[in-house]
>>> print(open('data17.txt').read())   # compact mmCIF, C-alpha atoms
# COMPACT_ATOMS: atom_id res chain seq x y z
CA MET I 1 92.16 250.44 310.15
CA SER I 2 92.48 252.09 313.57
CA GLU I 3 89.92 254.70 314.65
CA ARG I 4 91.02 258.31 314.88
CA THR I 5 89.20 261.60 315.27
CA GLY I 6 89.23 264.12 312.42
CA ARG I 7 89.56 263.48 308.71
CA ARG I 8 91.97 260.90 307.34
CA ALA I 9 93.82 260.27 304.10
CA ALA I 10 96.73 258.04 303.12
CA VAL I 11 98.97 256.87 300.32
CA LEU I 12 98.76 253.16 299.47
CA GLY I 13 101.22 251.02 297.56
CA SER I 14 103.94 248.41 297.81
CA PRO I 15 106.64 249.26 298.70
CA ILE I 16 105.52 252.50 300.32
CA ALA I 17 107.87 253.34 303.22
CA HIS I 18 109.96 255.64 300.97
CA SER I 19 106.99 257.75 299.85
CA LEU I 20 107.31 261.52 300.06
CA SER I 21 103.53 261.97 299.85
CA PRO I 22 102.92 262.17 303.62
CA VAL I 23 105.39 265.07 303.88
CA LEU I 24 103.66 266.97 301.07
CA HIS I 25 100.08 266.40 302.21
CA ARG I 26 100.82 267.12 305.87
CA ALA I 27 102.52 270.37 304.89
CA ALA I 28 99.40 271.35 302.98
CA TYR I 29 97.10 270.56 305.91
CA ALA I 30 99.28 272.59 308.28
CA ALA I 31 99.32 275.63 306.00
CA MET I 32 95.57 275.36 305.36
CA GLY I 33 94.71 275.19 309.06
CA LEU I 34 93.36 271.64 308.77
CA ASP I 35 94.60 270.65 312.20
CA ASP I 36 92.29 267.65 312.50
CA TRP I 37 93.43 266.09 309.21
CA SER I 38 96.03 263.31 309.11
CA TYR I 39 97.83 261.52 306.28
CA ASP I 40 99.66 258.19 306.51
CA ALA I 41 101.55 255.71 304.34
CA VAL I 42 99.97 252.25 304.22
CA GLU I 43 101.54 249.15 302.69
CA CYS I 44 98.98 247.58 300.35
CA GLY I 45 99.27 245.29 297.35
CA GLU I 46 96.73 244.58 294.62
CA ASP I 47 95.21 241.65 296.51
CA GLY I 48 94.56 243.74 299.60
CA LEU I 49 93.00 246.86 298.10
CA ALA I 50 89.37 245.71 297.99
CA ALA I 51 89.35 244.64 301.64
CA LEU I 52 91.10 247.83 302.73
CA LEU I 53 88.55 249.99 300.92
CA ASP I 54 85.67 248.03 302.46
CA GLY I 55 87.10 248.66 305.93
CA LEU I 56 87.28 252.45 305.69
CA GLY I 57 85.01 254.51 307.93
CA PRO I 58 83.30 257.87 307.29
CA GLU I 59 86.33 259.79 308.60
CA TRP I 60 88.24 258.93 305.41
CA ALA I 61 88.47 261.71 302.82
CA GLY I 62 90.68 260.11 300.20
CA LEU I 63 93.54 257.89 299.13
CA SER I 64 96.60 258.38 296.97
CA LEU I 65 97.59 255.28 295.00
CA THR I 66 101.01 254.26 293.74
CA MET I 67 102.04 251.15 291.88
CA PRO I 68 100.75 248.50 291.63
CA LEU I 69 97.28 249.82 292.47
CA LYS I 70 96.43 252.37 289.78
CA ARG I 71 94.84 250.00 287.29
CA VAL I 72 93.07 247.65 289.70
CA ALA I 73 91.49 250.63 291.47
CA LEU I 74 89.32 251.38 288.43
CA GLY I 75 87.22 248.29 289.18
CA LEU I 76 86.78 249.12 292.86
CA VAL I 77 85.24 252.61 292.69
CA ASP I 78 81.68 253.81 292.11
CA THR I 79 82.55 256.52 289.60
CA VAL I 80 85.61 257.32 287.51
CA SER I 81 86.68 260.62 285.96
CA ASP I 82 86.83 260.71 282.18
CA LEU I 83 90.58 261.30 282.38
CA ALA I 84 91.27 258.30 284.62
CA ALA I 85 89.16 256.09 282.36
CA LYS I 86 90.92 257.34 279.25
CA VAL I 87 94.39 256.92 280.78
CA GLY I 88 93.51 253.53 282.22
CA GLY I 89 94.59 254.25 285.78
CA ALA I 90 93.50 256.10 288.92
CA ASN I 91 96.11 257.42 291.33
CA THR I 92 93.45 259.07 293.50
CA ILE I 93 90.28 257.89 295.24
CA VAL I 94 88.06 260.58 296.74
CA LEU I 95 85.72 259.29 299.46
CA ARG I 96 82.56 261.30 299.95
CA ASP I 97 79.01 260.47 301.10
CA GLY I 98 79.78 256.77 301.19
CA ARG I 99 80.92 256.65 297.58
CA ARG I 100 84.31 256.17 295.95
CA HIS I 101 85.39 258.34 293.02
CA GLY I 102 88.50 257.43 291.04
CA ASP I 103 90.57 260.19 289.45
CA ASN I 104 93.98 260.77 287.87
CA THR I 105 96.20 263.65 288.94
CA ASP I 106 99.40 262.26 287.41
CA VAL I 107 98.61 263.85 284.05
CA TYR I 108 98.10 267.25 285.69
CA GLY I 109 101.32 266.76 287.65
CA ILE I 110 103.36 266.08 284.52
CA GLU I 111 101.75 268.86 282.47
CA THR I 112 102.33 271.40 285.24
CA ALA I 113 105.91 270.27 285.93
CA LEU I 114 106.84 270.56 282.25
CA GLY I 115 105.03 273.88 281.84
CA GLU I 116 106.77 275.28 284.92
CA ALA I 117 110.11 274.49 283.24
CA GLY I 118 109.06 276.25 280.04
CA LEU I 119 108.48 273.01 278.09
CA LYS I 120 105.01 273.90 276.93
CA ALA I 121 104.72 272.29 273.50
CA PRO I 122 107.49 269.92 272.39
CA SER I 123 106.51 268.76 268.90
CA ALA I 124 108.10 265.33 269.36
CA ALA I 125 109.17 263.27 272.36
CA LEU I 126 111.05 260.09 273.15
CA VAL I 127 109.54 258.21 276.11
CA LEU I 128 111.58 255.52 277.87
CA GLY I 129 109.38 252.87 279.48
CA GLY I 130 105.86 251.67 278.76
CA GLY I 131 104.01 251.36 282.06
CA ALA I 132 101.30 253.40 283.78
CA THR I 133 103.51 256.45 284.24
CA ALA I 134 104.44 256.38 280.56
CA ALA I 135 100.73 256.32 279.70
CA SER I 136 100.13 259.40 281.86
CA ALA I 137 103.17 261.08 280.31
CA LEU I 138 101.79 260.51 276.81
CA ALA I 139 98.44 261.99 277.84
CA ALA I 140 100.21 265.00 279.35
CA LEU I 141 102.34 265.50 276.24
CA ALA I 142 99.23 265.47 274.09
CA GLY I 143 97.69 268.08 276.36
CA LEU I 144 100.74 270.29 275.88
CA GLY I 145 100.49 270.05 272.11
CA THR I 146 102.97 267.29 271.26
CA ARG I 147 102.04 265.56 268.02
CA GLU I 148 104.19 262.43 267.97
CA ALA I 149 106.11 260.23 270.36
CA VAL I 150 108.40 257.22 270.24
CA LEU I 151 107.86 254.75 273.08
CA ALA I 152 111.06 252.79 273.77
CA VAL I 153 110.40 249.72 275.91
CA ARG I 154 112.05 246.48 276.98
CA THR I 155 109.15 244.32 275.78
CA PRO I 156 107.26 246.01 272.92
CA GLU I 157 104.26 243.67 273.08
CA ARG I 158 103.63 244.73 276.69
CA ALA I 159 103.53 248.43 275.80
CA ALA I 160 100.37 248.22 273.72
CA GLY I 161 98.28 249.69 276.53
CA ALA I 162 100.43 252.79 276.93
CA ALA I 163 100.62 253.28 273.16
CA GLU I 164 96.84 253.04 272.90
CA VAL I 165 96.49 255.71 275.58
CA GLY I 166 98.68 258.06 273.59
CA GLU I 167 96.68 257.41 270.44
CA ARG I 168 93.43 258.01 272.36
CA PHE I 169 94.72 261.49 273.10
CA GLY I 170 95.62 262.13 269.46
CA LEU I 171 99.33 261.30 269.52
CA ALA I 172 101.04 259.36 266.76
CA VAL I 173 102.91 256.73 268.80
CA ARG I 174 105.59 254.35 267.57
CA VAL I 175 106.81 251.52 269.82
CA VAL I 176 110.45 250.42 269.52
CA PRO I 177 112.79 248.20 271.58
CA LEU I 178 114.48 250.08 274.42
CA GLY I 179 117.95 249.45 273.02
CA GLU I 180 117.03 251.37 269.87
CA ALA I 181 116.15 254.56 271.78
CA PRO I 182 119.33 256.48 270.80
CA ALA I 183 118.48 255.98 267.13
CA HIS I 184 115.40 258.15 267.67
CA LEU I 185 117.38 261.16 268.87
CA PRO I 186 117.38 264.07 268.60
CA ALA I 187 113.95 264.72 270.08
CA GLU I 188 112.91 267.97 271.73
CA LEU I 189 112.08 266.14 274.93
CA VAL I 190 113.12 262.81 276.45
CA VAL I 191 110.87 261.41 279.18
CA SER I 192 112.35 258.65 281.32
CA THR I 193 109.81 256.62 283.30
CA LEU I 194 112.43 253.97 284.08
CA PRO I 195 113.44 253.23 287.69
CA GLY I 196 116.63 254.75 289.07
CA GLY I 197 119.74 253.51 287.28
CA ALA I 198 117.91 251.82 284.42
CA ALA I 199 118.35 254.82 282.12
CA ASP I 200 122.04 255.42 282.89
CA VAL I 201 123.09 253.77 279.63
CA PHE I 202 121.34 256.56 277.70
CA ALA I 203 123.06 259.43 279.55
CA ALA I 204 125.65 260.24 276.88
CA PRO I 205 123.45 260.06 273.77
CA VAL I 206 120.61 262.05 275.36
CA ALA I 207 122.99 264.74 276.66
CA GLU I 208 124.77 265.00 273.32
CA SER I 209 121.47 265.31 271.44
CA GLY I 210 120.57 268.59 273.16
CA ALA I 211 117.17 267.27 274.28
CA ALA I 212 115.38 268.51 277.37
CA LEU I 213 114.78 265.78 279.97
CA PHE I 214 111.93 264.85 282.28
CA ASP I 215 113.09 262.06 284.62
CA VAL I 216 110.36 260.69 286.91
CA VAL I 217 112.93 259.65 289.53
CA TYR I 218 113.27 262.06 292.46
CA ALA I 219 115.55 260.17 294.84
CA PRO I 220 118.42 259.69 294.70
CA TRP I 221 118.88 262.83 292.62
CA PRO I 222 120.30 263.61 290.19
CA THR I 223 120.31 260.37 288.25
CA ALA I 224 123.27 259.78 285.94
CA LEU I 225 120.98 260.67 283.03
CA ALA I 226 119.86 263.94 284.62
CA ALA I 227 123.41 264.89 285.63
CA ALA I 228 124.66 264.36 282.07
CA VAL I 229 121.93 266.56 280.58
CA GLN I 230 122.56 269.24 283.22
CA ARG I 231 126.29 269.26 282.43
CA ALA I 232 125.46 269.68 278.75
CA GLY I 233 123.34 272.74 279.58
CA GLY I 234 120.00 271.10 278.88
CA THR I 235 116.71 271.67 280.69
CA VAL I 236 116.02 269.00 283.32
CA VAL I 237 112.76 268.38 285.18
CA SER I 238 112.84 265.95 288.12
CA GLY I 239 110.16 263.58 289.29
CA PHE I 240 109.74 265.72 292.39
CA ALA I 241 108.02 268.42 290.34
CA MET I 242 105.52 265.87 289.05
CA LEU I 243 104.98 264.43 292.53
CA LEU I 244 104.45 267.91 293.97
CA HIS I 245 101.87 269.04 291.45
CA GLN I 246 99.90 265.80 291.38
CA ALA I 247 99.75 266.04 295.19
CA VAL I 248 98.50 269.63 294.96
CA ARG I 249 95.60 268.45 292.81
CA GLN I 250 94.93 265.55 295.19
CA VAL I 251 94.72 267.88 298.19
CA ALA I 252 92.23 270.05 296.30
CA LEU I 253 90.10 267.03 295.41
CA MET I 254 90.14 265.52 298.90
CA THR I 255 89.55 268.75 300.84
CA GLY I 256 87.24 270.44 298.35
CA ARG I 257 89.36 273.60 298.58
CA ASP I 258 91.31 275.42 295.89
CA ASP I 259 93.64 277.40 298.15
CA VAL I 260 96.28 274.66 298.17
CA PRO I 261 99.69 276.01 299.32
CA VAL I 262 102.01 274.87 296.53
CA GLU I 263 105.11 276.62 297.85
CA ALA I 264 104.68 275.32 301.40
CA MET I 265 104.43 271.81 299.99
CA ARG I 266 107.44 272.38 297.73
CA ALA I 267 109.57 273.64 300.62
CA ALA I 268 108.61 270.71 302.85
CA GLY I 269 109.37 268.19 300.11
CA GLU I 270 112.72 269.73 299.23
CA ALA I 271 113.71 269.84 302.90
CA GLU I 272 112.85 266.17 303.34
CA LEU I 273 114.78 265.17 300.22
CA ALA I 274 117.79 267.11 301.50
CA ARG I 275 117.49 265.35 304.85
CA ARG I 276 117.42 261.94 303.16
CA ALA I 277 120.35 262.66 300.84
>>> encode(input="data17.txt", output="structure tokens")
Amino acid sequence: MSERTGRRAAVLGSPIAHSLSPVLHRAAYAAMGLDDWSYDAVECGEDGLAALLDGLGPEWAGLSLTMPLKRVALGLVDTVSDLAAKVGGANTIVLRDGRRHGDNTDVYGIETALGEAGLKAPSAALVLGGGATAASALAALAGLGTREAVLAVRTPERAAGAAEVGERFGLAVRVVPLGEAPAHLPAELVVSTLPGGAADVFAAPVAESGAALFDVVYAPWPTALAAAVQRAGGTVVSGFAMLLHQAVRQVALMTGRDDVPVEAMRAAGEAELARRA
């Protein structure tokens, strides 16, 4: 990757052009006076991650990882946090003293986003989707005090990994076909980890159930599901809140500082989303 003075960081994934992460991280650097830090978005698939990591110079401080890189990254780092190992995915690589450390800030992002909305300890949750984000959501729910969760997925046999993560954190997890999700309402909280539009079919039953909603989508916003719950007077948490708070933790890890400007990052992200709308 091209040489540049100062410290560098980037978000990797495929596709990545839409990522809001550069806006958030750059806002943090500006507010923290880190004028020689830069943050980019780099297109990278699973097959290219090892070579990219091998090509990084000492100016690199860290990397944010999106899909499909979170699982494969675990085998390409020197050390892994207990949380990332337990969740089965790293969305963060901290580069320091020639070594790579894998970590997971998604769980923190979800916990903080839900707590900020007053959803501190839902006793039961319905989670739509069974991928890496669902696994992090289950870990976050367990951290908040949730005791049981239903995981509604298109292909139940492919959700074993996410279910095992939940159980590792002490949750009682039941996996059901996605089409059966409405039968498991009401739940105090519904978490949708499905891509935009995929959860629209559940808008009416979720809204009518009175459940709170955490929808990991942040653009376009609101989704049909989120809009329905909002109209019904329910609590709605968007994926932007998760993205913001996981980025806050990443900035702290990469810079080694704890004075991360959450509100400056929030304002920059909201302004960019408004610009894109």
>>> atom_distance(input="data17.txt", atom1="atom CA of I:Ala90", atom2="atom CA of I:Pro68")
10.8 Å
>>> residues_around(input="data17.txt", residues="stretch 17-20 of chain I", least_positions_apart="3", cutoff="12 Å", atoms="all atoms listed in the file", output="ChimeraX atom specification")
/I:10-14,23-27,39-44,64-67,218-220,239-244,247,265-266,268-276
>>> write_last_selection(input="data17.txt", atoms="C-alpha atoms", output="PDB file, in the coordinates of the input")
ATOM      1  CA  ALA I  10      96.730 258.040 303.120  1.00  0.00           C
ATOM      2  CA  VAL I  11      98.970 256.870 300.320  1.00  0.00           C
ATOM      3  CA  LEU I  12      98.760 253.160 299.470  1.00  0.00           C
ATOM      4  CA  GLY I  13     101.220 251.020 297.560  1.00  0.00           C
ATOM      5  CA  SER I  14     103.940 248.410 297.810  1.00  0.00           C
ATOM      6  CA  VAL I  23     105.390 265.070 303.880  1.00  0.00           C
ATOM      7  CA  LEU I  24     103.660 266.970 301.070  1.00  0.00           C
ATOM      8  CA  HIS I  25     100.080 266.400 302.210  1.00  0.00           C
ATOM      9  CA  ARG I  26     100.820 267.120 305.870  1.00  0.00           C
ATOM     10  CA  ALA I  27     102.520 270.370 304.890  1.00  0.00           C
ATOM     11  CA  TYR I  39      97.830 261.520 306.280  1.00  0.00           C
ATOM     12  CA  ASP I  40      99.660 258.190 306.510  1.00  0.00           C
ATOM     13  CA  ALA I  41     101.550 255.710 304.340  1.00  0.00           C
ATOM     14  CA  VAL I  42      99.970 252.250 304.220  1.00  0.00           C
ATOM     15  CA  GLU I  43     101.540 249.150 302.690  1.00  0.00           C
ATOM     16  CA  CYS I  44      98.980 247.580 300.350  1.00  0.00           C
ATOM     17  CA  SER I  64      96.600 258.380 296.970  1.00  0.00           C
ATOM     18  CA  LEU I  65      97.590 255.280 295.000  1.00  0.00           C
ATOM     19  CA  THR I  66     101.010 254.260 293.740  1.00  0.00           C
ATOM     20  CA  MET I  67     102.040 251.150 291.880  1.00  0.00           C
ATOM     21  CA  TYR I 218     113.270 262.060 292.460  1.00  0.00           C
ATOM     22  CA  ALA I 219     115.550 260.170 294.840  1.00  0.00           C
ATOM     23  CA  PRO I 220     118.420 259.690 294.700  1.00  0.00           C
ATOM     24  CA  GLY I 239     110.160 263.580 289.290  1.00  0.00           C
ATOM     25  CA  PHE I 240     109.740 265.720 292.390  1.00  0.00           C
ATOM     26  CA  ALA I 241     108.020 268.420 290.340  1.00  0.00           C
ATOM     27  CA  MET I 242     105.520 265.870 289.050  1.00  0.00           C
ATOM     28  CA  LEU I 243     104.980 264.430 292.530  1.00  0.00           C
ATOM     29  CA  LEU I 244     104.450 267.910 293.970  1.00  0.00           C
ATOM     30  CA  ALA I 247      99.750 266.040 295.190  1.00  0.00           C
ATOM     31  CA  MET I 265     104.430 271.810 299.990  1.00  0.00           C
ATOM     32  CA  ARG I 266     107.440 272.380 297.730  1.00  0.00           C
ATOM     33  CA  ALA I 268     108.610 270.710 302.850  1.00  0.00           C
ATOM     34  CA  GLY I 269     109.370 268.190 300.110  1.00  0.00           C
ATOM     35  CA  GLU I 270     112.720 269.730 299.230  1.00  0.00           C
ATOM     36  CA  ALA I 271     113.710 269.840 302.900  1.00  0.00           C
ATOM     37  CA  GLU I 272     112.850 266.170 303.340  1.00  0.00           C
ATOM     38  CA  LEU I 273     114.780 265.170 300.220  1.00  0.00           C
ATOM     39  CA  ALA I 274     117.790 267.110 301.500  1.00  0.00           C
ATOM     40  CA  ARG I 275     117.490 265.350 304.850  1.00  0.00           C
ATOM     41  CA  ARG I 276     117.420 261.940 303.160  1.00  0.00           C
TER      42      ARG I 276
END
>>> closest_residue(input="data17.txt", among="I:Leu213, I:Thr223, I:Trp37, I:Leu74", to="I:Leu119", atoms="all atoms listed in the file")
I:Leu213
>>> residues_around(input="data17.txt", residues="I:Val165", least_positions_apart="4", cutoff="7 Å", atoms="only C-alpha atoms", output="PyMOL selection string")
chain I and resi 86-87+135+139+161+169
>>> axis_aligned_box(input="data17.txt", around="stretch 98-108 of chain I", padding_each_side="5 Å", output="AutoDock Vina command-line options")
--center_x 89.6 --center_y 261.7 --center_z 292.6 --size_x 29.6 --size_y 21.1 --size_z 27.1
>>> closest_residue(input="data17.txt", among="I:Arg257, I:Arg154, I:Arg174, I:Arg249", to="I:Ala125", atoms="only C-alpha atoms")
I:Arg174
>>> atom_distance(input="data17.txt", atom1="atom CA of I:Asp106", atom2="atom CA of I:Gln246")
5.3 Å
>>> closest_residue(input="data17.txt", among="I:Val260, I:Ala124, I:Val107, I:Ala212", to="I:Thr146", atoms="all atoms listed in the file")
I:Ala124
>>> residues_near_point(input="data17.txt", point="(123.1, 268.9, 272.5)", cutoff="9 Å", atoms="only C-alpha atoms", output="PyMOL selection string")
chain I and resi 186+205-211+229+232-234
>>> atom_distance(input="data17.txt", atom1="atom CA of I:Ala73", atom2="atom CA of I:Gly89")
7.4 Å
